[in-house]
Amino acid sequence: MSRLQRWLNMYFKKVNSDGSLKAEYIEQLYSYGFDNDYINEHGQGFKSEYEQLQQLDKKEPEPWINYTAYDFFTEEEKQQFNGDGSLKPEYVKYAHSIGISVQSLEEMERRKKIEVDNYNKLSARYAEQGINFGEQQMQARITDNKTYLQRRKQMEIDLRNFEDVDTLPFEQDTRY
């Protein structure tokens, strides 16, 4: 999502897509007792910020990484599935050798294809609004991982301080 698009989304109730004040917002300002000079100055501030962001987006556009649903597969899923959600032939062969039924494999594939299709639809819908859905999902994962590491580190401190084991966020021995 461009800086300008984020800004427009933030002020969607106040400004039009060209950075000018919306008529409803102007009426609201009048109802609060603001005069024309203030409203014009306020509108110029928004318009100026709009133009600055527009120029910045042209000169230094933010990178848009196209993440696919496959980027969010677990390592195990990447061994089992192709990017479109279909099962890999080598996995199907292995699954048959360990006794997984054809019906179970078909259901696994059907569900994964639905998951990939849903991701693609959401990604396309968000992209129409200038939002990089995949990047948002990736940032959320990164944040979750950082939070996990922070909680893990805190747990080690709590163990050294002889905190009650029932209050810990994880099992002491996470090898199992």
# chains A, B, ... in the order shown; residues from 1 in each chain; ligands from 1

call {"tool": "residues_around", "arguments": {"residues": "Ser104 of chain A", "least_positions_apart": "5", "cutoff": "10 Å", "atoms": "only C-alpha atoms", "output": "list in words"}}
result
Ala95, Glu109 and Arg110 of chain A

call {"tool": "closest_atom_pairs", "arguments": {"of": "segment 48-144 of chain A", "to": "segment 12-21 of chain A", "cutoff": "12 Å", "atoms": "only C-alpha atoms", "output": "CSV"}}
result
residue,atom,partner,partner_atom,distance
A:Ser48,CA,A:Gly19,CA,8.3
A:Glu49,CA,A:Gly19,CA,8.2
A:Tyr50,CA,A:Gly19,CA,5.5
A:Glu51,CA,A:Gly19,CA,7.8
A:Gln52,CA,A:Gly19,CA,10.8
A:Leu53,CA,A:Gly19,CA,10.4
A:Gln54,CA,A:Gly19,CA,10.0

call {"tool": "residues_around", "arguments": {"residues": "Gln80 of chain A", "least_positions_apart": "3", "cutoff": "10 Å", "atoms": "only C-alpha atoms", "output": "ChimeraX atom specification"}}
result
/A:73-77,85-92,94-95,108-109

call {"tool": "closest_residue", "arguments": {"among": "A:Leu4, A:Leu149, A:Ala124, A:Ile131", "to": "Leu56 of chain A", "atoms": "only C-alpha atoms"}}
result
A:Leu4

call {"tool": "select_by_dssp", "arguments": {"residues": "segment 5-35 of chain A", "states": "helix (DSSP H, G or I)", "output": "ChimeraX atom specification"}}
result
/A:5-10,23-31
